[in-house]
Amino acid sequence: MRLHSLLTDDLVLAELRGRDRESVLNEMVEHLRGRGGIGPEDDLLGKLLAREALGTTAIGGGIAIPHCRLSGLKAPVLLLGLSRGGVSFESVDGGDTHVIFLLVSPLESPNVSLRVLASIAKLSRRSRTLTAKLLRAPTAGEALRVLREEEDGGHA
């Protein structure tokens, strides 16, 4: 699955302001709510925090993949957030998290969620410089270009 095909400029937050995991997740959830399709009744933040309580979604290398599933979605929603200063997601490697792929997928389609998660994990293993390259991207459009090039195996 091509991650950049799930993203548009308005689904990339090039400058997250939050300083901790909960505030970053809240910032990202509020952005998704502002776009429509996810309402307050969905308690998206609560679901994401409950998932984090089971174990960190930070996979190392400065990357985290907070995720959950919601009923009624037609397709997965992916939001990319960049934290220049970094936040603690209690990463498996002990480092701060700078790149956050927030994934909300349809409750009725668990395989979609697994495919997107696998694509992110595979890309992060293959591209050891993904985090650094994304953090150098000054805009959402540039971050998308970097992601697309990294997925194509090129060099941004």
# chains A, B, ... in the order shown; residues from 1 in each chain; ligands from 1
$ residues_around --residues "Leu45 of chain A" --least-positions-apart "3" --cutoff "8 Å" --atoms "only C-alpha atoms" --output "count of residues only"
5
$ closest_residue --among "A:Leu3, A:Val146, A:Ile65, A:Ile100" --to "Thr129 of chain A" --atoms "only C-alpha atoms"
A:Val146
$ closest_residue --among "A:Leu70, A:Arg148, A:Gly153, A:Pro40" --to "Ser109 of chain A" --atoms "only C-alpha atoms"
A:Leu70
$ select_by_dssp --residues "segment 73-144 of chain A" --states "helix (DSSP H, G or I)" --output "list in words"
Pro110, Asn111, Val112, Ser113, Leu114, Arg115, Val116, Leu117, Ala118, Ser119, Ile120, Ala121, Lys122, Leu123, Ser124, Arg125, Arg126, Leu130, Thr131, Ala132, Lys133, Leu134, Leu135, Arg136, Ala140, Gly141, Glu142, Ala143 and Leu144 of chain A
$ closest_residue --among "A:Arg21, A:Pro66, A:Ala143, A:Glu151" --to "Ser119 of chain A" --atoms "only C-alpha atoms"
A:Glu151
$ closest_residue --among "A:Leu117, A:Val99, A:Val104, A:Leu6" --to "Val24 of chain A" --atoms "only C-alpha atoms"
A:Val99
$ atom_distance --atom1 "atom CA of Gly55 of chain A" --atom2 "atom CA of Arg126 of chain A"
23.5 Å
$ closest_residue --among "A:Leu103, A:Gly85, A:Glu150, A:Leu79" --to "Ala118 of chain A" --atoms "only C-alpha atoms"
A:Leu103
$ residues_around --residues "Gly72 of chain A" --least-positions-apart "2" --cutoff "8 Å" --atoms "only C-alpha atoms" --output "list in words"
Leu70, Lys74, Pro106, Leu107 and Glu108 of chain A
$ closest_residue --among "A:Arg136, A:Arg69, A:Arg33, A:Arg128" --to "Leu11 of chain A" --atoms "only C-alpha atoms"
A:Arg33
$ select_by_dssp --residues "segment 68-142 of chain A" --states "strand (DSSP E)" --output "list in words"
Cys68, Arg69, Leu70, Val77, Leu78, Leu79, Leu80, Gly81, Leu82, Ser83, Arg84, Gly85, Gly86, Val87, Thr97, His98, Val99, Ile100, Phe101, Leu102, Leu103, Val104, Ser105 and Pro106 of chain A
$ atom_distance --atom1 "atom CA of Ser113 of chain A" --atom2 "atom CA of Glu149 of chain A"
22.8 Å
